[in-house]
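**Q** Would you mind keeping the following structure in view while I ask a few things?
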Amino acid sequence: MTSLFDDLPLPGFESPSLGSSPAHDEPPLDEEPPYEEAIPDGLFETDLAAQDERDAYYRNGHARPVIDPEQLLAGMNDPQREAVLHHGSPLLIVAGAGSGKTRVLTHRIAYLLAARGAQPGEILAITFTNKAAGEMRERVEQLVGPRARAMWVSTFHSACVRILRRESKLLGFTSSFSIYDSADSQRLMSLVCRDLDLDPKQFPPKSFTAKVSNLKNELIDEETYADRAANPMEKKLAEAYTLYQRRLREANALDFDDIIMTTVNLLQAFPDVAEHYRRRFRHILVDEYQDTNHAQYTLVRELSGGALSDAPKLTADGDFVNPTAARLAQISPAELCVVGDADQSIYAFRGATIRNILQFEEDYPDATTILLEQNYRSTQTILTAANAVIERNTNRRKKNLWTAGDQGERVVGYVADDEHGEAQFIADEIDRLTDEDEARPGDVAIFYRTNAQSRVFEEVFIRVGLPYKVVGGVRFYERKEVRDILAYLRVLSNPEDTVPLRRILNVPKRGIGERAEAMVDALAARERISFAQALQRVDEAYGMAARSANAVKKFNAMMAGLRQVVESGAGPAAVLEAVLEESGYLAELQASTDPQDETRIENLQELASVALEYEQDPGERPEGEDAEGAPPVGSLADFLERVALVADSDQIPDDEEGQGVITMMTLHTAKGLEFPVVFLTGMEDGIFPHMRALNQVKELEEERRLAYVGLTRARQRLYLTRSVLRSAWGQPAYNPASRFLEEIPDTLVDWKRTGAAAVPPARGFSPSSSGGSRSYGSSGGSARSTTTTPQPGWAKSARKVTEREVVALAVGDRVSHDSFGLGTVVATQGVGDKAQATIDFGTTGRKQLLLRYAPVEKL
DNA sequence: CCCAATTCTCTTTTT
DNA sequence: GAGAATTGGG
């Protein structure tokens, strides 16, 4: 079957048209499809139905398959060719940015099928996002035809879900288990902490959630952790972890991290299951290997076998521990091919470990490494800039990207007075590029470090009328109203699932307050029944007001009615409609006068149309054993599973016909993509690199890799912008230039504007409003406006600061303090009489000072 | 006992 | 500036 989400159109996007392979990585492959006569027998079934299917397939615009192995190698450089041909030992492809790794991967798969007799069912290809999986499948399909559909090309998470659904009985849950996303996990952990009477100040549920996630990524289960917990904090965490897991189990649910960890446990605990998958998957390919965490690493190892540490387990007598283990040891390892680039590892914060790639050779002693350094994407100028930045990282395998192409234009730099000026410059520049036919909106991408930075761009772009799309941020599926309605569907699909049940209990308001809920909870605990069952027995709840009990009964009746709708065989769209009506949710929104509720209704309509499109085209039925345990195609459960694992990057607009839209996203989301024109914004110390990374070498290096990823996304034009003044969570702050800017050789950058006009306001901020933020040096772009020049936020407060002059400080300034002595400014915050500075006084330590009162002097 | 207004706290990045 | 926790009003 296709990867889980291939056919699910995402809100706000045209359905991707099949066959329009986004231009990526490489010069286009052979335009001319091979001859049909050349297709050997067996590539397609020969009966008539299959013939019809094949004809329809080609009429739909698919290229004819390439079956000539020689053609698969045409136009490749030597290392690429070697990577496609290699066989016999584990293969590590170190693929620099833009070096054609997707092409190598897809052609390798095609080659396995065409020339090495591999069956599609023997292939497992793993990527990190559904979009990447979909693209890979599509491109392989273009090469080898529809037989590619029997391959598993999917994300770690969907592949594991598939395995788990099939084997769920072994693990004691049903195949219809729910998947908790991070918001669900968060909520569940909050409930757990409350049950354990933990002081949220001392033991914040949020950090517990993060810690549990880390433990799972390290494959440490709750029992193991409980045994080793030493200090009070760890003991509490162990308690919470244990209860959290129990609650998940009771709800027949798994969280994101469980999906991987449980699959690993399954393979390790049941050798016959491991044997099954090892016999099945003879070729395992992993993309973005540098982003695998320990759990994912182990998963690959268990699936493929053959790692050094994977020696068969023997008893003291030298016998295999059991017959299955003996058989397992005899299965030759799968051919493992991993592709990655340590320089692009940007997910260490969630447990990815570079170790996996750096030590691949140690784990697999007979491994071969192939290095791809030739870049087919960017100009040499861009590559030189990127190389210069990444070279600052230590402990890194040397790698030098180069291109046979042009030098290209210089990188453009711009320093704005504030973030509005930055956005305005970018808008003007895009205007110019499109007017002069240098680029279409769809060619342009804007990257930033944090999602919050997108807002200003949106404001300006709306005003000047530039078409854009923000990828990520408050995601569609994380909007409150969408989650509320999905929670109804989840309860209908899995009645014991407590987290969504409690979410909807009083949404919309129906008179079941906190107290009533707590009483139901108490009843559940007393009777040792689930929350759902306790709801059905409200009458037994102690101390429940009659009014509340009635409200609960009304709720029960409403849910029973909805359940009937489900049992009558209605599809997800129809059920969703019934929920909107019967719950009163839609009515409440319609009655509201809050203009925000109108967008909420639109979002729900969007959700309804997603459901409808799913219902009309629910995708293909998995074949044979792949279907085992999976929810029936078209069912509510299947629909929910598809929406549960959607990622930001799955929503990136495909390069459609026409002008396209400007794409805005975080640097993390940008990985794996490329655009002719790229704006890297917010190049300021404290923004990028992020404040929290400034003081730690390791984190700073990860930020630098992130910068490297950003720089190497650009094909032809690269812009680097920063702003002198920027409002961050309420208060304005001055940030110095990003250190990454200084790491790029001067000669490569053409500064269109430097910070000259933007010296931080002089001492005391004498508020001549033209001082700090003048109108932008816009050069007659059609769409510009001075009205949005922010009335300097500090002007008002600055007026009060007349009695005493506030020292204007910037990061790096040396100061002297009357009692603390000499120090260095490490951060500044706020402006006017609220201006603060964090100052490092060496042995005295670090102090945060309100400058209005602090006796400091700038040196 | 429930709800609405008010006051706080956050924000890196994500499957 | 938004979302959650908290407090006072009904």
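By convention in this document, the chains of the structure tokens carry letters A, B, ... by their order, each chain's residues are numbered from 1, and ligands are numbered from 1 in the order they are shown.
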Compute the chain C side of the contact with chain A at 12 Å, counting only C-alpha atoms (C1' of nucleotides), and hand it back as a count of residues only.
**A** 4
**Q** When you look at DT6 in chain C with a cut-off of 12 Å (counting only C-alpha atoms (C1' of nucleotides)), what residues show up, excluding the ones that are within fewer than 6 positions of it in the same chain? I need them as a list in words.
**A**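 My reading of the contact set: DA4, DA5, DT6, DT7 and DC8 of chain B.
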**Q** Please produce a file of those selected residues containing N, CA and C atoms (P, O5', C5', C4', C3', O3' and C1' of nucleotides), as an mmCIF file, in the first residue's frame.
**A**
data_model
loop_
_atom_site.group_PDB
_atom_site.id
_atom_site.type_symbol
_atom_site.label_atom_id
_atom_site.label_comp_id
_atom_site.auth_asym_id
_atom_site.auth_seq_id
_atom_site.Cartn_x
_atom_site.Cartn_y
_atom_site.Cartn_z
ATOM 1 P P DA B 4 -18.742 31.819 30.541
ATOM 2 O "O5'" DA B 4 -18.251 33.308 30.821
ATOM 3 C "C5'" DA B 4 -18.839 34.078 31.862
ATOM 4 C "C4'" DA B 4 -17.852 35.134 32.324
ATOM 5 C "C3'" DA B 4 -16.900 35.640 31.245
ATOM 6 O "O3'" DA B 4 -16.834 37.051 31.349
ATOM 7 C "C1'" DA B 4 -15.657 34.808 33.072
ATOM 8 P P DA B 5 -16.026 37.936 30.382
ATOM 9 O "O5'" DA B 5 -14.907 38.552 31.354
ATOM 10 C "C5'" DA B 5 -15.311 39.271 32.521
ATOM 11 C "C4'" DA B 5 -14.118 39.447 33.441
ATOM 12 C "C3'" DA B 5 -12.925 40.175 32.809
ATOM 13 O "O3'" DA B 5 -12.446 41.142 33.718
ATOM 14 C "C1'" DA B 5 -12.231 38.080 33.677
ATOM 15 P P DT B 6 -11.251 42.067 33.394
ATOM 16 O "O5'" DT B 6 -10.067 41.367 34.185
ATOM 17 C "C5'" DT B 6 -10.220 41.055 35.570
ATOM 18 C "C4'" DT B 6 -8.954 40.385 36.071
ATOM 19 C "C3'" DT B 6 -7.682 41.022 35.515
ATOM 20 O "O3'" DT B 6 -6.820 41.389 36.577
ATOM 21 C "C1'" DT B 6 -7.640 38.664 35.227
ATOM 22 P P DT B 7 -5.504 42.164 36.306
ATOM 23 O "O5'" DT B 7 -4.459 41.006 36.647
ATOM 24 C "C5'" DT B 7 -4.568 40.311 37.888
ATOM 25 C "C4'" DT B 7 -3.770 39.018 37.846
ATOM 26 C "C3'" DT B 7 -2.278 39.237 37.592
ATOM 27 O "O3'" DT B 7 -1.549 38.492 38.555
ATOM 28 C "C1'" DT B 7 -3.113 37.651 36.074
ATOM 29 P P DC B 8 -0.105 38.878 38.942
ATOM 30 O "O5'" DC B 8 0.798 38.349 37.751
ATOM 31 C "C5'" DC B 8 1.759 37.396 38.060
ATOM 32 C "C4'" DC B 8 1.474 36.094 37.305
ATOM 33 C "C3'" DC B 8 2.704 35.557 36.573
ATOM 34 O "O3'" DC B 8 3.226 34.482 37.321
ATOM 35 C "C1'" DC B 8 0.701 35.379 35.257
#
**Q** So which bits of range 159-306 of chain A end up alpha helix (DSSP H) when you DSSP the backbone, as a PyMOL selection string?
**A** chain A and resi 159-171+182-195+205-217+222-228+232-250+256-269+271-280+294-304
**Q** Identify all chain B residues at most 8 Å from chain A by counting only C-alpha atoms (C1' of nucleotides); ligands do not count. Present them as a list in words.
**A**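 Taking only C-alpha atoms (C1' of nucleotides) into account, DC1, DC2, DT12, DT13, DT14 and DT15 of chain B sit within 8 Å of chain A.
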**Q** Residues near Glu674 in chain A, anyone? I mean within 10 Å using only C-alpha atoms (C1' of nucleotides), not counting same-chain ones fewer than 4 positions away, as a PyMOL selection string.
**A** chain A and resi 23-25+97-98+377-378+443-445+670+678+710-715
**Q** Excluding range 624-632 of chain A and any residue of its chain fewer than 4 positions from it, enumerate the residues within 9 Å of it, using only C-alpha atoms (C1' of nucleotides), and give them as a list in words.
**A** Met1, Val161, Arg162, Ile163, Leu164, Arg165, Arg166, Glu167, Ser168, Thr174, Ser175, Ser176, Leu636, Ala637, Asp638 and Glu641 of chain A
**Q** Can those selected residues be exported to a file as a short mmCIF file (atom, residue, chain, number, x, y, z; two decimals), in the first residue's frame so that it contains all heavy atoms?
**A**
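Final file, again23.cif:
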data_model
loop_
_atom_site.label_atom_id
_atom_site.label_comp_id
_atom_site.auth_asym_id
_atom_site.auth_seq_id
_atom_site.Cartn_x
_atom_site.Cartn_y
_atom_site.Cartn_z
N MET A 1 0.83 -1.21 0.00
CA MET A 1 0.00 0.00 0.00
C MET A 1 0.86 1.24 0.00
O MET A 1 2.07 1.19 0.20
CB MET A 1 -0.94 -0.02 1.18
CG MET A 1 -0.30 0.36 2.52
SD MET A 1 -1.62 0.66 3.69
CE MET A 1 -1.02 2.04 4.59
N VAL A 161 4.07 1.59 13.37
CA VAL A 161 2.65 1.43 13.65
C VAL A 161 2.12 0.22 12.89
O VAL A 161 1.34 -0.59 13.41
CB VAL A 161 1.87 2.71 13.26
CG1 VAL A 161 0.37 2.43 13.21
CG2 VAL A 161 2.16 3.82 14.25
N ARG A 162 2.58 0.08 11.69
CA ARG A 162 2.14 -1.03 10.86
C ARG A 162 2.53 -2.37 11.49
O ARG A 162 1.72 -3.30 11.54
CB ARG A 162 2.81 -0.89 9.51
CG ARG A 162 1.97 -1.36 8.39
CD ARG A 162 2.36 -0.57 7.18
NE ARG A 162 2.32 -1.42 6.01
CZ ARG A 162 2.67 -0.98 4.81
NH1 ARG A 162 3.11 0.26 4.66
NH2 ARG A 162 2.60 -1.77 3.79
N ILE A 163 3.75 -2.44 11.95
CA ILE A 163 4.20 -3.67 12.59
C ILE A 163 3.41 -3.90 13.88
O ILE A 163 2.94 -5.01 14.15
CB ILE A 163 5.71 -3.59 12.89
CG1 ILE A 163 6.50 -3.58 11.57
CG2 ILE A 163 6.15 -4.77 13.76
CD1 ILE A 163 7.99 -3.37 11.75
N LEU A 164 3.23 -2.84 14.65
CA LEU A 164 2.57 -2.99 15.94
C LEU A 164 1.11 -3.40 15.80
O LEU A 164 0.59 -4.20 16.58
CB LEU A 164 2.66 -1.69 16.74
CG LEU A 164 4.05 -1.34 17.26
CD1 LEU A 164 4.05 0.04 17.90
CD2 LEU A 164 4.52 -2.39 18.27
N ARG A 165 0.43 -2.87 14.82
CA ARG A 165 -0.98 -3.24 14.63
C ARG A 165 -1.07 -4.73 14.34
O ARG A 165 -1.98 -5.40 14.79
CB ARG A 165 -1.59 -2.45 13.48
CG ARG A 165 -1.71 -0.97 13.72
CD ARG A 165 -3.16 -0.50 13.65
NE ARG A 165 -3.24 0.95 13.62
CZ ARG A 165 -3.51 1.71 14.68
NH1 ARG A 165 -3.74 1.15 15.86
NH2 ARG A 165 -3.56 3.02 14.58
N ARG A 166 -0.12 -5.20 13.58
CA ARG A 166 -0.14 -6.60 13.20
C ARG A 166 0.16 -7.50 14.40
O ARG A 166 -0.40 -8.58 14.52
CB ARG A 166 0.90 -6.82 12.11
CG ARG A 166 0.86 -8.17 11.50
CD ARG A 166 1.74 -8.21 10.25
NE ARG A 166 1.71 -9.52 9.67
CZ ARG A 166 2.54 -10.50 10.01
NH1 ARG A 166 3.45 -10.29 10.92
NH2 ARG A 166 2.45 -11.68 9.42
N GLU A 167 1.04 -7.05 15.26
CA GLU A 167 1.50 -7.93 16.34
C GLU A 167 0.94 -7.53 17.70
O GLU A 167 1.44 -7.99 18.72
CB GLU A 167 3.04 -7.89 16.43
CG GLU A 167 3.77 -7.97 15.10
CD GLU A 167 3.70 -9.37 14.49
OE1 GLU A 167 3.28 -10.30 15.21
OE2 GLU A 167 4.05 -9.51 13.31
N SER A 168 -0.06 -6.66 17.71
CA SER A 168 -0.46 -6.06 18.98
C SER A 168 -0.86 -7.08 20.03
O SER A 168 -0.63 -6.88 21.22
CB SER A 168 -1.62 -5.10 18.74
OG SER A 168 -2.68 -5.78 18.10
N THR A 174 -4.95 -3.96 21.93
CA THR A 174 -5.66 -4.33 20.72
C THR A 174 -5.10 -3.56 19.54
O THR A 174 -4.45 -2.53 19.70
CB THR A 174 -7.16 -4.02 20.83
OG1 THR A 174 -7.35 -2.61 20.66
CG2 THR A 174 -7.70 -4.45 22.17
N SER A 175 -5.39 -4.05 18.36
CA SER A 175 -4.81 -3.44 17.17
C SER A 175 -5.41 -2.07 16.89
O SER A 175 -4.91 -1.34 16.05
CB SER A 175 -5.02 -4.35 15.97
OG SER A 175 -6.38 -4.36 15.61
N SER A 176 -6.46 -1.74 17.62
CA SER A 176 -7.07 -0.43 17.36
C SER A 176 -6.53 0.65 18.30
O SER A 176 -7.19 1.64 18.56
CB SER A 176 -8.58 -0.53 17.52
OG SER A 176 -8.89 -0.85 18.87
N LEU A 636 -13.28 4.98 10.50
CA LEU A 636 -12.96 6.10 11.36
C LEU A 636 -11.55 5.96 11.93
O LEU A 636 -10.76 6.91 11.96
CB LEU A 636 -13.99 6.16 12.49
CG LEU A 636 -14.01 7.40 13.37
CD1 LEU A 636 -14.20 8.64 12.55
CD2 LEU A 636 -15.12 7.26 14.41
N ALA A 637 -11.23 4.74 12.37
CA ALA A 637 -9.91 4.51 12.98
C ALA A 637 -8.79 4.78 11.99
O ALA A 637 -7.77 5.38 12.33
CB ALA A 637 -9.83 3.08 13.49
N ASP A 638 -8.99 4.37 10.76
CA ASP A 638 -7.97 4.57 9.73
C ASP A 638 -7.80 6.06 9.47
O ASP A 638 -6.67 6.56 9.34
CB ASP A 638 -8.39 3.85 8.45
CG ASP A 638 -7.30 3.90 7.39
OD1 ASP A 638 -6.13 3.63 7.73
OD2 ASP A 638 -7.61 4.22 6.23
N GLU A 641 -5.85 7.59 12.26
CA GLU A 641 -4.43 7.25 12.21
C GLU A 641 -3.70 8.12 11.20
O GLU A 641 -2.59 8.57 11.42
CB GLU A 641 -4.26 5.78 11.84
CG GLU A 641 -2.80 5.41 11.70
CD GLU A 641 -2.59 3.91 11.59
OE1 GLU A 641 -3.25 3.19 12.35
OE2 GLU A 641 -1.79 3.50 10.75
#
**Q** List the spatial neighbours of range 735-749 of chain A as a PyMOL selection string - criterion: any atom at most 10 Å away, only C-alpha atoms (C1' of nucleotides), same-chain residues fewer than 4 positions off excluded.
**A** chain A and resi 381-382+384-392+409-415+682-690+703-704+707-708+718-726+755+760+810-812+827-829
**Q** What is the CA of Met136 in chain A-CA of Thr106 in chain A distance in Å, reported with one decimal?
**A** 6.4 Å
**Q** From the list A:Val338, A:Ala329, A:Leu170, A:Leu576, which residue is nearest Thr102 in chain A when using only C-alpha atoms?
**A**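 Smallest distance to Thr102 in chain A is found for A:Val338.
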**Q** How many Å lie between CA of Gly121 in chain A and CA of Val153 in chain A, rounded to one decimal?
**A**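 CA of Gly121 in chain A sits 10.4 Å away from CA of Val153 in chain A.
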**Q** Which parts of range 116-292 of chain A does DSSP call strand (DSSP E) when run on the backbone here, written out as a PyMOL selection string?
**A** chain A and resi 123-127+152-155+178-180+253-255+283-286
**Q** Take the residues just selected and output them with C-alpha atoms as a tab-separated table (two decimals), in the first residue's frame.
**A**
chain	number	residue	atom	x	y	z
A	123	ILE	CA	12.44	-3.51	0.36
A	124	LEU	CA	12.06	-1.25	3.35
A	125	ALA	CA	12.93	2.40	2.87
A	126	ILE	CA	12.69	4.70	5.85
A	127	THR	CA	12.50	8.48	5.85
A	152	TRP	CA	7.45	-0.29	2.31
A	153	VAL	CA	8.45	3.32	1.88
A	154	SER	CA	7.48	5.10	5.02
A	155	THR	CA	8.51	7.02	8.08
A	178	SER	CA	-4.74	5.17	19.64
A	179	ILE	CA	-1.71	7.32	19.01
A	180	TYR	CA	-1.03	10.17	21.41
A	253	ALA	CA	-2.83	4.12	23.58
A	254	LEU	CA	0.79	4.63	22.62
A	255	ASP	CA	2.62	7.91	22.48
A	283	HIS	CA	17.09	-4.47	1.72
A	284	ILE	CA	16.84	-1.69	4.25
A	285	LEU	CA	17.52	1.89	3.27
A	286	VAL	CA	17.51	4.72	5.76
